[in-house]
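Asker: Structure file entry.txt, compact mmCIF, C-alpha atoms, is pasted below:
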```
# COMPACT_ATOMS: atom_id res chain seq x y z
CA MET Z 1 -11.30 -36.60 69.32
CA TYR Z 2 -8.96 -33.72 70.33
CA GLY Z 3 -6.03 -36.11 70.35
CA LYS Z 4 -6.81 -37.08 66.76
CA ILE Z 5 -7.04 -33.42 65.70
CA ILE Z 6 -3.71 -32.54 67.38
CA PHE Z 7 -2.04 -35.59 65.84
CA THR Z 8 -3.39 -34.66 62.39
CA ILE Z 9 -2.12 -31.06 62.75
CA LEU Z 10 1.36 -32.19 63.88
CA PHE Z 11 1.48 -34.80 61.11
CA THR Z 12 0.52 -32.14 58.53
CA VAL Z 13 3.19 -29.72 59.82
CA PHE Z 14 5.75 -32.53 59.66
CA LEU Z 15 4.75 -33.43 56.09
CA VAL Z 16 4.81 -29.83 54.87
CA ALA Z 17 8.19 -29.21 56.54
CA THR Z 18 9.57 -32.38 54.97
CA GLN Z 19 8.30 -31.35 51.55
CA LEU Z 20 9.48 -27.74 51.79
CA SER Z 21 12.88 -28.12 53.40
CA PHE Z 22 13.98 -31.73 53.21
CA ILE Z 23 12.76 -33.07 49.88
CA SER Z 24 13.47 -29.82 47.99
CA GLY Z 25 17.16 -30.15 48.90
CA LEU Z 26 17.62 -33.79 47.94
CA PRO Z 27 19.99 -34.71 45.10
CA ALA Z 28 19.58 -36.54 41.81
CA GLY Z 29 15.93 -35.88 41.03
CA PHE Z 30 14.60 -37.11 44.38
CA SER Z 31 13.46 -33.53 44.99
CA ASN Z 32 10.64 -34.25 42.53
CA VAL Z 33 8.70 -36.45 44.95
CA ASN Z 34 5.47 -34.77 46.02
CA LEU Z 35 4.85 -36.14 49.50
CA ILE Z 36 1.79 -33.95 50.08
CA LEU Z 37 0.04 -35.34 47.01
CA VAL Z 38 0.99 -38.93 47.87
CA SER Z 39 -0.34 -38.42 51.41
CA LEU Z 40 -3.55 -36.90 50.09
CA ILE Z 41 -4.19 -39.98 47.94
CA PHE Z 42 -3.79 -42.32 50.92
CA ILE Z 43 -5.82 -40.08 53.20
CA SER Z 44 -8.63 -39.92 50.62
CA VAL Z 45 -8.76 -43.70 50.22
CA ILE Z 46 -8.34 -44.60 53.89
CA GLY Z 47 -9.87 -41.64 55.72
CA GLY Z 48 -12.86 -40.93 53.47
CA SER Z 49 -13.98 -37.85 51.59
CA LYS Z 50 -14.87 -35.59 54.53
CA PHE Z 51 -11.59 -36.11 56.32
CA SER Z 52 -9.55 -35.76 53.11
CA VAL Z 53 -11.16 -32.41 52.23
CA TRP Z 54 -10.54 -31.07 55.74
CA TRP Z 55 -6.95 -32.30 55.55
CA ALA Z 56 -6.53 -30.69 52.11
CA ILE Z 57 -7.82 -27.40 53.55
CA GLY Z 58 -5.36 -27.58 56.49
CA ALA Z 59 -2.33 -28.63 54.44
CA GLY Z 60 -3.18 -26.17 51.64
CA LEU Z 61 -3.55 -23.33 54.14
CA PHE Z 62 -0.16 -24.06 55.69
CA MET Z 63 1.47 -24.36 52.25
CA ASP Z 64 -0.08 -21.04 51.19
CA ILE Z 65 1.33 -19.36 54.31
CA LEU Z 66 4.80 -20.57 53.30
CA SER Z 67 4.45 -20.02 49.57
CA PHE Z 68 4.86 -16.93 47.41
CA LEU Z 69 2.07 -17.81 45.00
CA SER Z 70 -1.31 -16.08 45.45
CA PHE Z 71 -2.89 -17.03 48.73
CA GLY Z 72 -5.36 -19.85 48.17
CA THR Z 73 -3.52 -21.48 45.26
CA TYR Z 74 -2.45 -24.59 47.17
CA LEU Z 75 -5.59 -24.62 49.28
CA LEU Z 76 -7.90 -24.64 46.24
CA SER Z 77 -5.68 -27.02 44.26
CA LEU Z 78 -5.49 -29.60 47.04
CA VAL Z 79 -9.22 -29.39 47.76
CA ALA Z 80 -9.98 -29.76 44.04
CA ILE Z 81 -7.73 -32.83 43.88
CA ALA Z 82 -9.29 -34.30 47.04
CA LEU Z 83 -12.73 -33.91 45.43
CA LEU Z 84 -11.47 -35.36 42.15
CA ILE Z 85 -10.03 -38.39 43.96
CA ASP Z 86 -13.27 -38.82 45.90
CA PHE Z 87 -15.33 -38.61 42.71
CA SER Z 88 -13.02 -41.11 40.95
CA LEU Z 89 -13.20 -43.51 43.88
CA LYS Z 90 -16.97 -43.42 43.85
CA LYS Z 91 -17.48 -43.44 40.10
CA TRP Z 92 -14.68 -45.49 38.58
CA PHE Z 93 -12.60 -47.39 41.14
CA THR Z 94 -14.57 -49.91 43.11
CA ASN Z 95 -11.65 -51.73 44.74
CA ARG Z 96 -8.61 -50.51 46.66
CA SER Z 97 -5.87 -52.32 44.76
CA LEU Z 98 -2.42 -51.06 43.85
CA TYR Z 99 -3.67 -50.31 40.34
CA THR Z 100 -6.33 -48.01 41.80
CA PHE Z 101 -3.65 -46.15 43.76
CA LEU Z 102 -1.41 -45.87 40.71
CA ALA Z 103 -4.24 -44.59 38.53
CA LEU Z 104 -5.19 -42.05 41.20
CA THR Z 105 -1.54 -40.95 41.44
CA ILE Z 106 -1.39 -40.28 37.70
CA LEU Z 107 -4.67 -38.36 37.86
CA ALA Z 108 -3.63 -36.35 40.93
CA THR Z 109 -0.09 -35.54 39.73
CA VAL Z 110 -1.21 -34.36 36.29
CA SER Z 111 -4.10 -32.29 37.73
CA TYR Z 112 -1.88 -30.78 40.43
CA SER Z 113 0.79 -29.81 37.92
CA ILE Z 114 -1.75 -28.19 35.60
CA LEU Z 115 -3.52 -26.33 38.43
CA ILE Z 116 -0.33 -24.98 40.03
CA LYS Z 117 1.25 -23.92 36.73
CA LEU Z 118 -1.95 -22.30 35.52
CA SER Z 119 -2.41 -20.32 38.73
CA SER Z 120 1.26 -19.37 38.77
CA TYR Z 121 1.01 -18.18 35.15
CA LEU Z 122 -2.19 -16.27 35.94
CA MET Z 123 -0.58 -14.61 38.97
CA HIS Z 124 2.41 -13.44 36.93
CA PHE Z 125 0.16 -12.35 34.06
CA LEU Z 126 -2.12 -10.30 36.32
CA SER Z 127 0.77 -8.71 38.21
CA GLY Z 128 2.41 -7.72 34.92
CA SER Z 129 5.70 -9.43 35.73
CA GLY Z 130 7.22 -11.70 33.12
CA PHE Z 131 6.64 -15.40 33.55
CA ILE Z 132 8.83 -17.69 31.54
CA LEU Z 133 7.45 -21.16 30.95
CA ILE Z 134 9.92 -23.06 28.82
CA LEU Z 135 8.35 -26.22 27.45
CA ASN Z 136 11.65 -27.83 26.52
CA GLU Z 137 12.94 -31.36 27.02
CA LYS Z 138 14.13 -30.55 30.54
CA PHE Z 139 10.64 -29.43 31.54
CA TRP Z 140 8.98 -32.61 30.27
CA THR Z 141 11.69 -34.82 31.78
CA ASN Z 142 11.13 -33.10 35.10
CA GLU Z 143 7.36 -33.58 34.91
CA LEU Z 144 7.79 -37.22 33.96
CA SER Z 145 10.29 -37.85 36.75
CA GLN Z 146 7.82 -36.30 39.23
CA LEU Z 147 5.12 -38.69 38.01
CA VAL Z 148 7.41 -41.73 38.13
CA LEU Z 149 8.72 -40.88 41.60
CA ASN Z 150 5.19 -40.29 42.92
CA LEU Z 151 4.10 -43.65 41.47
CA LEU Z 152 7.09 -45.38 43.09
CA SER Z 153 6.40 -43.70 46.44
CA VAL Z 154 2.75 -44.73 46.32
CA ALA Z 155 3.70 -48.33 45.47
CA VAL Z 156 6.23 -48.51 48.32
CA ILE Z 157 3.81 -46.98 50.86
CA PHE Z 158 1.01 -49.27 49.62
CA TYR Z 159 3.07 -52.42 50.26
CA PHE Z 160 4.36 -51.05 53.56
CA PHE Z 161 0.81 -50.21 54.64
CA ASN Z 162 -0.34 -53.71 53.67
CA LEU Z 163 2.30 -55.17 55.96
CA LEU Z 164 0.93 -53.25 58.92
CA SER Z 165 -2.79 -53.22 58.21
CA ILE Z 166 -5.45 -55.35 56.53
CA LYS Z 167 -7.47 -52.29 55.53
CA LEU Z 168 -6.33 -52.35 51.90
CA LYS Z 169 -6.20 -56.13 51.50
CA PRO Z 170 -8.88 -57.77 49.34
CA VAL Z 171 -11.60 -59.66 51.21
CA PHE Z 172 -13.05 -62.89 49.79
CA LEU Z 173 -16.35 -64.32 50.93
CA ILE Z 174 -16.08 -68.11 51.01
CA LYS Z 175 -19.27 -70.14 50.85
CA LYS Z 176 -19.08 -73.10 53.21
CA MET X 1 -22.81 -45.33 48.75
CA PRO X 2 -25.70 -43.20 47.36
CA PHE X 3 -25.95 -42.82 43.57
CA ASN X 4 -28.54 -41.05 41.47
CA LEU X 5 -30.35 -42.50 38.46
CA ASN X 6 -27.53 -41.61 36.03
CA GLY X 7 -25.05 -43.65 38.01
CA MET X 8 -23.36 -40.51 39.30
CA PRO X 9 -22.48 -40.30 43.01
CA LYS X 10 -24.99 -38.19 44.96
CA ILE X 11 -23.60 -34.86 46.10
CA ASN X 12 -24.75 -33.33 49.35
CA PRO X 13 -25.19 -29.60 48.52
CA ILE X 14 -25.08 -28.51 52.18
CA LYS X 15 -21.73 -30.20 52.65
CA ILE X 16 -20.34 -28.53 49.51
CA ILE X 17 -21.63 -25.10 50.61
CA PHE X 18 -20.06 -25.64 54.02
CA PHE X 19 -16.63 -26.46 52.55
CA VAL X 20 -16.76 -23.62 50.02
CA ALA X 21 -17.75 -21.19 52.80
CA ALA X 22 -14.82 -22.39 54.95
CA ILE X 23 -12.34 -21.91 52.08
CA VAL X 24 -13.70 -18.49 51.07
CA LEU X 25 -13.64 -17.38 54.71
CA LEU X 26 -10.00 -18.46 55.14
CA ILE X 27 -8.91 -16.63 51.99
CA PHE X 28 -10.92 -13.54 53.00
CA LEU X 29 -9.43 -13.55 56.52
CA HIS X 30 -5.94 -13.72 55.00
CA TYR X 31 -6.45 -10.75 52.70
CA VAL X 32 -7.98 -8.57 55.44
CA LYS X 33 -4.92 -9.48 57.59
CA ILE X 34 -6.96 -11.01 60.41
CA LEU X 35 -5.02 -14.26 60.00
CA ALA X 36 -1.66 -12.44 59.94
CA PRO X 37 -0.75 -12.93 63.64
CA VAL X 38 -1.54 -16.65 63.43
CA GLU X 39 0.40 -17.00 60.18
CA ASN X 40 3.43 -15.14 61.56
CA MET X 41 3.43 -17.17 64.74
CA LEU X 42 3.18 -20.40 62.76
CA VAL X 43 6.12 -19.43 60.53
CA LYS X 44 8.18 -18.30 63.52
CA ILE X 45 7.55 -21.51 65.44
CA THR X 46 8.23 -23.78 62.47
CA SER X 47 11.25 -21.89 61.05
CA PRO X 48 13.81 -23.78 63.20
CA ILE X 49 12.24 -27.06 62.03
CA PHE X 50 12.66 -25.97 58.42
CA SER X 51 16.30 -24.99 58.98
CA GLY X 52 16.95 -28.35 60.66
CA PHE X 53 15.29 -30.28 57.85
CA TYR X 54 17.22 -28.29 55.23
CA LEU X 55 20.53 -28.98 57.00
CA ALA X 56 19.68 -32.69 57.17
CA SER X 57 18.86 -32.61 53.48
CA SER X 58 22.17 -30.80 52.73
CA TYR X 59 24.00 -33.44 54.76
CA LEU X 60 22.38 -36.17 52.66
CA ARG X 61 23.24 -34.34 49.44
CA HIS X 62 26.86 -34.01 50.56
CA THR X 63 26.99 -37.68 51.49
CA TYR X 64 25.53 -38.56 48.10
CA ASP X 65 28.06 -36.36 46.27
CA GLU X 66 30.88 -37.73 48.39
CA GLN X 67 29.78 -41.29 47.72
CA ALA X 68 29.42 -40.70 43.97
CA GLY X 69 32.92 -39.21 43.88
CA LYS X 70 34.42 -41.87 46.07
CA ILE X 71 32.94 -44.71 44.03
CA ASN X 72 34.75 -43.44 40.92
CA LEU X 73 37.91 -43.05 42.90
CA ALA X 74 37.52 -46.51 44.34
CA GLU X 75 37.52 -48.03 40.88
CA GLU X 76 40.99 -46.55 40.37
CA ASN X 77 42.21 -47.22 43.89
CA GLU X 78 40.68 -50.53 44.97
CA ILE X 79 43.15 -51.06 47.76
CA LEU X 80 42.07 -47.88 49.53
CA ARG X 81 38.33 -48.33 49.04
CA ASP X 82 37.44 -49.96 52.33
CA GLN X 83 39.45 -47.48 54.28
CA VAL X 84 37.92 -44.52 52.46
CA ASN X 85 34.33 -45.77 52.88
CA ASN X 86 34.81 -46.15 56.60
CA LEU X 87 35.95 -42.55 56.87
CA ILE X 88 33.29 -41.01 54.64
CA ASN X 89 30.64 -40.45 57.27
CA GLU X 90 33.09 -38.93 59.69
CA ASN X 91 34.58 -36.77 56.92
CA VAL X 92 31.21 -35.48 55.76
CA LYS X 93 30.21 -34.45 59.28
CA LEU X 94 33.51 -32.64 59.79
CA LYS X 95 33.42 -31.07 56.35
CA LEU X 96 29.91 -29.76 56.89
CA LEU X 97 31.02 -28.09 60.08
CA GLU X 98 34.15 -26.77 58.38
CA GLU X 99 32.19 -25.45 55.40
CA GLU X 100 29.67 -23.73 57.62
CA ASN X 101 32.55 -22.21 59.56
CA GLU X 102 34.26 -21.09 56.34
CA ILE X 103 31.06 -19.55 54.99
CA LEU X 104 30.61 -17.54 58.16
CA ARG X 105 34.28 -16.52 58.21
CA ASP X 106 34.13 -15.55 54.51
CA GLN X 107 31.09 -13.42 55.05
CA LEU X 108 32.44 -11.81 58.18
CA GLY X 109 35.76 -11.23 56.41
CA PHE X 110 34.07 -9.63 53.43
CA PHE X 111 31.85 -7.37 55.46
CA SER X 112 34.57 -6.28 57.91
CA GLY X 113 36.21 -4.35 55.05
CA HIS X 114 32.97 -2.65 54.05
CA ASN X 115 30.66 -0.19 55.72
CA ASP X 116 27.57 -1.90 54.35
CA LYS X 117 24.86 -3.21 56.62
CA TYR X 118 23.98 -6.83 56.08
CA LEU X 119 21.79 -9.55 57.46
CA ILE X 120 22.86 -13.18 57.66
CA SER X 121 20.16 -15.82 57.30
CA ASP X 122 19.77 -19.59 57.08
CA VAL X 123 18.41 -21.06 53.88
CA ILE X 124 15.26 -23.05 54.66
CA SER X 125 14.36 -24.39 51.24
CA ARG X 126 15.45 -24.71 47.64
CA SER X 127 12.73 -23.88 45.10
CA GLY X 128 9.97 -24.01 47.78
CA PHE X 129 7.09 -26.27 46.78
CA ASP X 130 7.84 -25.84 43.07
CA SER X 131 10.13 -28.70 42.12
CA SER X 132 9.84 -27.96 38.40
CA ARG X 133 12.53 -25.26 38.65
CA PRO X 134 15.19 -26.74 40.92
CA ASN X 135 18.13 -24.52 41.93
CA GLN X 136 16.50 -21.34 40.69
CA THR X 137 15.06 -19.95 43.91
CA LEU X 138 15.86 -20.13 47.62
CA LEU X 139 13.73 -19.40 50.67
CA ILE X 140 15.25 -17.79 53.74
CA GLY X 141 13.78 -17.48 57.21
CA LYS X 142 13.98 -13.68 57.41
CA GLY X 143 11.49 -11.21 55.99
CA GLU X 144 9.89 -7.79 56.20
CA ARG X 145 10.16 -7.81 59.99
CA ASP X 146 13.97 -7.85 59.58
CA GLY X 147 13.96 -5.01 57.05
CA LEU X 148 14.06 -7.09 53.90
CA ARG X 149 12.21 -6.10 50.75
CA PRO X 150 12.18 -7.03 47.04
CA GLY X 151 15.18 -5.80 45.05
CA LEU X 152 17.85 -6.24 47.73
CA VAL X 153 20.94 -8.11 46.61
CA VAL X 154 21.87 -11.41 48.23
CA LEU X 155 25.48 -12.53 48.67
CA GLY X 156 27.17 -15.86 49.24
CA GLY X 157 30.63 -16.52 50.63
CA GLN X 158 33.29 -13.82 50.02
CA GLY X 159 30.60 -11.37 49.00
CA ILE X 160 29.78 -12.92 45.62
CA VAL X 161 26.34 -12.05 44.28
CA ILE X 162 23.99 -15.02 44.23
CA GLY X 163 20.78 -13.22 43.36
CA LYS X 164 18.08 -10.82 44.46
CA ILE X 165 15.10 -10.90 46.77
CA ILE X 166 11.96 -11.09 44.64
CA SER X 167 9.22 -11.42 47.24
CA THR X 168 8.92 -11.04 50.96
CA LYS X 169 6.53 -11.96 53.73
CA GLU X 170 6.65 -11.05 57.41
CA ASN X 171 9.14 -13.80 58.28
CA LEU X 172 10.06 -15.25 54.89
CA SER X 173 11.81 -14.09 51.72
CA GLU X 174 12.17 -15.61 48.28
CA ILE X 175 15.48 -15.19 46.45
CA CYS X 176 15.82 -15.68 42.71
CA LEU X 177 19.30 -16.95 41.95
CA SER X 178 21.31 -15.14 39.29
CA ILE X 179 20.96 -18.18 36.97
CA ASN X 180 17.16 -17.87 37.07
CA PRO X 181 15.78 -16.37 33.81
CA GLU X 182 13.50 -14.16 35.94
CA CYS X 183 16.52 -12.61 37.69
CA LYS X 184 18.06 -9.54 36.04
CA LEU X 185 21.05 -7.58 37.35
CA ALA X 186 22.58 -4.37 36.01
CA ALA X 187 26.16 -5.43 35.33
CA THR X 188 29.49 -4.13 34.06
CA ILE X 189 32.36 -6.14 32.62
CA GLN X 190 35.63 -5.15 34.25
CA ASN X 191 37.75 -4.43 31.19
CA GLU X 192 39.06 -1.40 29.31
CA ASP X 193 35.68 -0.62 27.75
CA LYS X 194 33.72 -1.06 31.02
CA THR X 195 30.91 -2.65 29.01
CA SER X 196 27.56 -2.37 30.75
CA GLY X 197 24.39 -4.36 30.25
CA ILE X 198 21.80 -6.58 31.87
CA ALA X 199 22.94 -9.94 33.21
CA GLN X 200 20.04 -12.38 33.09
CA GLY X 201 19.80 -16.03 34.12
CA ASP X 202 19.90 -18.50 31.26
CA LEU X 203 17.93 -21.78 31.56
CA GLY X 204 18.81 -22.07 35.24
CA LEU X 205 22.39 -23.00 34.38
CA THR X 206 24.42 -19.88 33.58
CA ILE X 207 24.06 -16.11 33.26
CA LYS X 208 23.84 -14.32 29.92
CA MET X 209 24.60 -10.71 29.05
CA ASN X 210 22.87 -9.67 25.82
CA PHE X 211 22.79 -6.63 23.56
CA ILE X 212 26.44 -5.66 23.87
CA PRO X 213 27.55 -3.47 20.91
CA GLN X 214 29.95 -5.18 18.49
CA THR X 215 32.54 -2.46 19.06
CA LYS X 216 32.98 -3.35 22.74
CA LYS X 217 35.93 -5.59 23.53
CA MET X 218 35.68 -8.41 26.00
CA ALA X 219 37.46 -11.67 26.61
CA GLU X 220 37.02 -14.94 28.44
CA GLY X 221 37.99 -14.59 32.07
CA ASP X 222 36.87 -10.95 32.42
CA ILE X 223 35.17 -10.38 35.76
CA VAL X 224 31.57 -9.17 35.74
CA ILE X 225 30.45 -6.89 38.57
CA THR X 226 27.29 -5.02 39.52
CA SER X 227 27.17 -1.66 37.75
CA GLY X 228 25.53 0.27 40.59
CA LEU X 229 22.70 1.44 38.32
CA GLU X 230 20.10 -0.39 40.38
CA GLN X 231 18.70 1.08 43.54
CA ASN X 232 20.13 -0.51 46.70
CA ILE X 233 22.73 -2.53 44.77
CA PRO X 234 26.17 -0.89 45.03
CA ARG X 235 28.76 -0.99 42.28
CA GLY X 236 31.56 -3.54 42.44
CA LEU X 237 29.95 -6.73 43.75
CA VAL X 238 31.23 -9.75 41.83
CA ILE X 239 28.62 -11.64 39.78
CA GLY X 240 30.89 -14.06 37.88
CA SER X 241 33.42 -14.31 35.09
CA VAL X 242 32.97 -14.35 31.31
CA SER X 243 33.27 -17.95 30.10
CA GLN X 244 32.24 -17.46 26.47
CA VAL X 245 31.87 -14.55 24.05
CA ASN X 246 29.33 -14.98 21.23
CA LYS X 247 30.27 -12.62 18.44
CA GLU X 248 29.03 -12.92 14.84
CA ASN X 249 30.16 -10.34 12.30
CA ASN X 250 26.74 -10.19 10.64
CA GLU X 251 24.92 -9.56 13.94
CA LEU X 252 24.18 -6.15 15.43
CA TRP X 253 24.94 -7.22 19.00
CA GLN X 254 27.23 -9.65 20.77
CA SER X 255 26.56 -11.56 23.96
CA ALA X 256 28.56 -13.11 26.77
CA ILE X 257 28.00 -16.20 28.89
CA ILE X 258 28.91 -15.58 32.51
CA GLU X 259 29.89 -18.39 34.85
CA PRO X 260 28.91 -17.84 38.51
CA LEU X 261 31.90 -18.04 40.85
CA ILE X 262 29.98 -19.90 43.52
CA ASP X 263 28.32 -23.31 43.68
CA PHE X 264 24.64 -22.64 44.37
CA ASN X 265 24.17 -26.20 45.62
CA ASP X 266 26.33 -25.53 48.66
CA LEU X 267 24.44 -22.53 49.96
CA THR X 268 23.17 -23.00 53.50
CA ILE X 269 23.82 -19.49 54.82
CA VAL X 270 23.45 -16.24 52.84
CA SER X 271 23.77 -12.50 53.50
CA VAL X 272 21.39 -9.80 52.37
CA LEU X 273 22.89 -6.36 51.79
CA LEU X 274 20.63 -3.84 53.49
CA PRO X 275 20.18 -0.30 52.16
CA SER X 276 22.49 2.12 53.95
```
Rewrite the structure from the file as structure tokens, please.

Answerer:
Amino acid sequence: MYGKIIFTILFTVFLVATQLSFISGLPAGFSNVNLILVSLIFISVIGGSKFSVWWAIGAGLFMDILSFLSFGTYLLSLVAIALLIDFSLKKWFTNRSLYTFLALTILATVSYSILIKLSSYLMHFLSGSGFILILNEKFWTNELSQLVLNLLSVAVIFYFFNLLSIKLKPVFLIKK
Amino acid sequence: MPFNLNGMPKINPIKIIFFVAAIVLLIFLHYVKILAPVENMLVKITSPIFSGFYLASSYLRHTYDEQAGKINLAEENEILRDQVNNLINENVKLKLLEEENEILRDQLGFFSGHNDKYLISDVISRSGFDSSRPNQTLLIGKGERDGLRPGLVVLGGQGIVIGKIISTKENLSEICLSINPECKLAATIQNEDKTSGIAQGDLGLTIKMNFIPQTKKMAEGDIVITSGLEQNIPRGLVIGSVSQVNKENNELWQSAIIEPLIDFNDLTIVSVLLPS
């Protein structure tokens, strides 16, 4: 039990450090990958709703400590997305196929982007400082590249996970 | 899996209340500063990890840039290609060390001729968690505990202005680069007229100086420096050079595009000028 908690904390610190320092410095658009979101999708599907919400709280808290947005922005956004994924898994997606993962990635990436930008805009608006949101071609290209890279990451991790585990493989009941 | 009559998944209200209470409690504990020691300790412990990860990322970026450059070169020099590729990794490692050495020497060289106090810090992230604005902000692993506060000017190699601190935490600071539209610097063009104005980032690519009267003369290549009108930012720090002058006879004002004299992609170490 304690071993699992310590492993989860270390894994979360590693993921957040990778996202903050490693991925943000990568060249040629690779900095658009959102490893935290990708991990949250897998954790939600594999670990279940309770574990995913706790993980979202932990990761969000650590991100908020390291971020300059209002405290709670990442925490609330990640928890909201964990709940949204959980709801979608229960209501709409009955299987655990690649298509389910890809659909969840689209849902999570778009929701995350909207939530973070909205809270960022609100924070700047309330503090009276100017916030410049330029909805030009570069902005949309960036958003699209983030979505595409997240989808690619999820697909790669999905196939890699399938090589190591049978948890996401379809099960067929054969009548003998 | 439990569902209600409408086909909606059943929600356990106690569980929801428990999670909401945990989140509200965490946010509350942060704002009343009870979490502050834990937060500071966490940042302090993980800061070296961030620096290491950022250096590894910079190494990859350099390798990528080197490779991209070498591939073009290889097309022109096929005979040398194999030899060059074998030396790339070794070159990149040596160059990284050399660049880091040069940056430190530049900064030491610049500050040895000045009486200003400064603080050197490692960069730990570019743009933080917000990838939608790449190359517009930097995070450094020094903060209020080291005497940093918003408004202080940040310098790269040879004392060239790269931006300003916009927010600080106990052990962290956020820098907006001078090409960031949210970054404004009081500037003067070094020419006969000593034209002054506000240099503001333009689309995360260049710096723009607006609202310059038509009567003021300026030319491409003029050096732009800090005007000293801002608190804690002394006069005479180089911001960049004028690369384009936009002057229309029917307009009331003219503007200038300023090219930064430093490559923001190569920043791994920066200096913050402390108030004297």

Asker: For chain Z, which residues have at least one atom within 9 Å of chain X, if we go by all atoms listed in the file? Write them as a PDB file with C-alpha atoms, in the coordinates of the input, please.

Answerer:
```pdb
ATOM      1  CA  VAL Z  13       3.190 -29.720  59.820  1.00  0.00           C
ATOM      2  CA  PHE Z  14       5.750 -32.530  59.660  1.00  0.00           C
ATOM      3  CA  ALA Z  17       8.190 -29.210  56.540  1.00  0.00           C
ATOM      4  CA  THR Z  18       9.570 -32.380  54.970  1.00  0.00           C
ATOM      5  CA  GLN Z  19       8.300 -31.350  51.550  1.00  0.00           C
ATOM      6  CA  LEU Z  20       9.480 -27.740  51.790  1.00  0.00           C
ATOM      7  CA  SER Z  21      12.880 -28.120  53.400  1.00  0.00           C
ATOM      8  CA  PHE Z  22      13.980 -31.730  53.210  1.00  0.00           C
ATOM      9  CA  ILE Z  23      12.760 -33.070  49.880  1.00  0.00           C
ATOM     10  CA  SER Z  24      13.470 -29.820  47.990  1.00  0.00           C
ATOM     11  CA  GLY Z  25      17.160 -30.150  48.900  1.00  0.00           C
ATOM     12  CA  LEU Z  26      17.620 -33.790  47.940  1.00  0.00           C
ATOM     13  CA  PRO Z  27      19.990 -34.710  45.100  1.00  0.00           C
ATOM     14  CA  ALA Z  28      19.580 -36.540  41.810  1.00  0.00           C
ATOM     15  CA  SER Z  31      13.460 -33.530  44.990  1.00  0.00           C
ATOM     16  CA  ASN Z  32      10.640 -34.250  42.530  1.00  0.00           C
ATOM     17  CA  VAL Z  33       8.700 -36.450  44.950  1.00  0.00           C
ATOM     18  CA  ASN Z  34       5.470 -34.770  46.020  1.00  0.00           C
ATOM     19  CA  LYS Z  50     -14.870 -35.590  54.530  1.00  0.00           C
ATOM     20  CA  VAL Z  53     -11.160 -32.410  52.230  1.00  0.00           C
ATOM     21  CA  TRP Z  54     -10.540 -31.070  55.740  1.00  0.00           C
ATOM     22  CA  ILE Z  57      -7.820 -27.400  53.550  1.00  0.00           C
ATOM     23  CA  LEU Z  61      -3.550 -23.330  54.140  1.00  0.00           C
ATOM     24  CA  PHE Z  62      -0.160 -24.060  55.690  1.00  0.00           C
ATOM     25  CA  MET Z  63       1.470 -24.360  52.250  1.00  0.00           C
ATOM     26  CA  ILE Z  65       1.330 -19.360  54.310  1.00  0.00           C
ATOM     27  CA  LEU Z  66       4.800 -20.570  53.300  1.00  0.00           C
ATOM     28  CA  SER Z  67       4.450 -20.020  49.570  1.00  0.00           C
ATOM     29  CA  PHE Z  68       4.860 -16.930  47.410  1.00  0.00           C
ATOM     30  CA  PHE Z  71      -2.890 -17.030  48.730  1.00  0.00           C
ATOM     31  CA  GLY Z  72      -5.360 -19.850  48.170  1.00  0.00           C
ATOM     32  CA  LEU Z  75      -5.590 -24.620  49.280  1.00  0.00           C
ATOM     33  CA  LEU Z  76      -7.900 -24.640  46.240  1.00  0.00           C
ATOM     34  CA  PHE Z  87     -15.330 -38.610  42.710  1.00  0.00           C
ATOM     35  CA  LYS Z  90     -16.970 -43.420  43.850  1.00  0.00           C
ATOM     36  CA  LYS Z  91     -17.480 -43.440  40.100  1.00  0.00           C
ATOM     37  CA  ILE Z 116      -0.330 -24.980  40.030  1.00  0.00           C
ATOM     38  CA  GLY Z 130       7.220 -11.700  33.120  1.00  0.00           C
ATOM     39  CA  PHE Z 131       6.640 -15.400  33.550  1.00  0.00           C
ATOM     40  CA  ILE Z 132       8.830 -17.690  31.540  1.00  0.00           C
ATOM     41  CA  ILE Z 134       9.920 -23.060  28.820  1.00  0.00           C
ATOM     42  CA  PHE Z 139      10.640 -29.430  31.540  1.00  0.00           C
ATOM     43  CA  ASN Z 142      11.130 -33.100  35.100  1.00  0.00           C
ATOM     44  CA  GLU Z 143       7.360 -33.580  34.910  1.00  0.00           C
ATOM     45  CA  GLN Z 146       7.820 -36.300  39.230  1.00  0.00           C
TER      46      GLN Z 146
END
```

Asker: With a distance cut-off of 7 Å and all atoms listed in the file, select the neighbouring residues of Gln244 of chain X, excluding the residue or stretch itself and same-chain residues fewer than 2 positions from it, and output the selection as a PyMOL selection string.

Answerer: chain X and resi 220+242+246+256-257

Asker: Please report, as AutoDock Vina command-line options, the centre and edge lengths in Å to one decimal of an axis-aligned box covering all listed atoms of segment 203-209 of chain X with 6 Å per side.

Answerer:
```
--center_x 21.3 --center_y -16.9 --center_z 32.1 --size_x 18.7 --size_y 24.3 --size_z 18.2
```

Asker: Determine the nearest neighbour of Gly159 of chain X from the options X:Ile14, X:Leu94, X:Ile103, X:Cys176, counting all atoms listed in the file.

Answerer: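 That would be X:Ile103, the residue with the smallest distance to Gly159 of chain X.
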
Asker: Just how far from atom CA of Leu252 of chain X is atom CA of Thr226 of chain X, in Å to one decimal?

Answerer: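 Separating atom CA of Thr226 of chain X from atom CA of Leu252 of chain X is a distance of 24.3 Å.
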
Asker: Which residues, written as an MDAnalysis selection string, have at least one atom at most 10 Å from Gly48 of chain Z, with all atoms listed in the file counted and residues fewer than 6 positions away on the same chain left out?

Answerer: chainID Z and resid 42 82 86 89

Asker: Which residue, Z:Ile85, Z:Ile114, Z:Ile174, Z:Leu149, has the smallest gap to Leu35 of chain Z when you use only C-alpha atoms?

Answerer: Z:Leu149
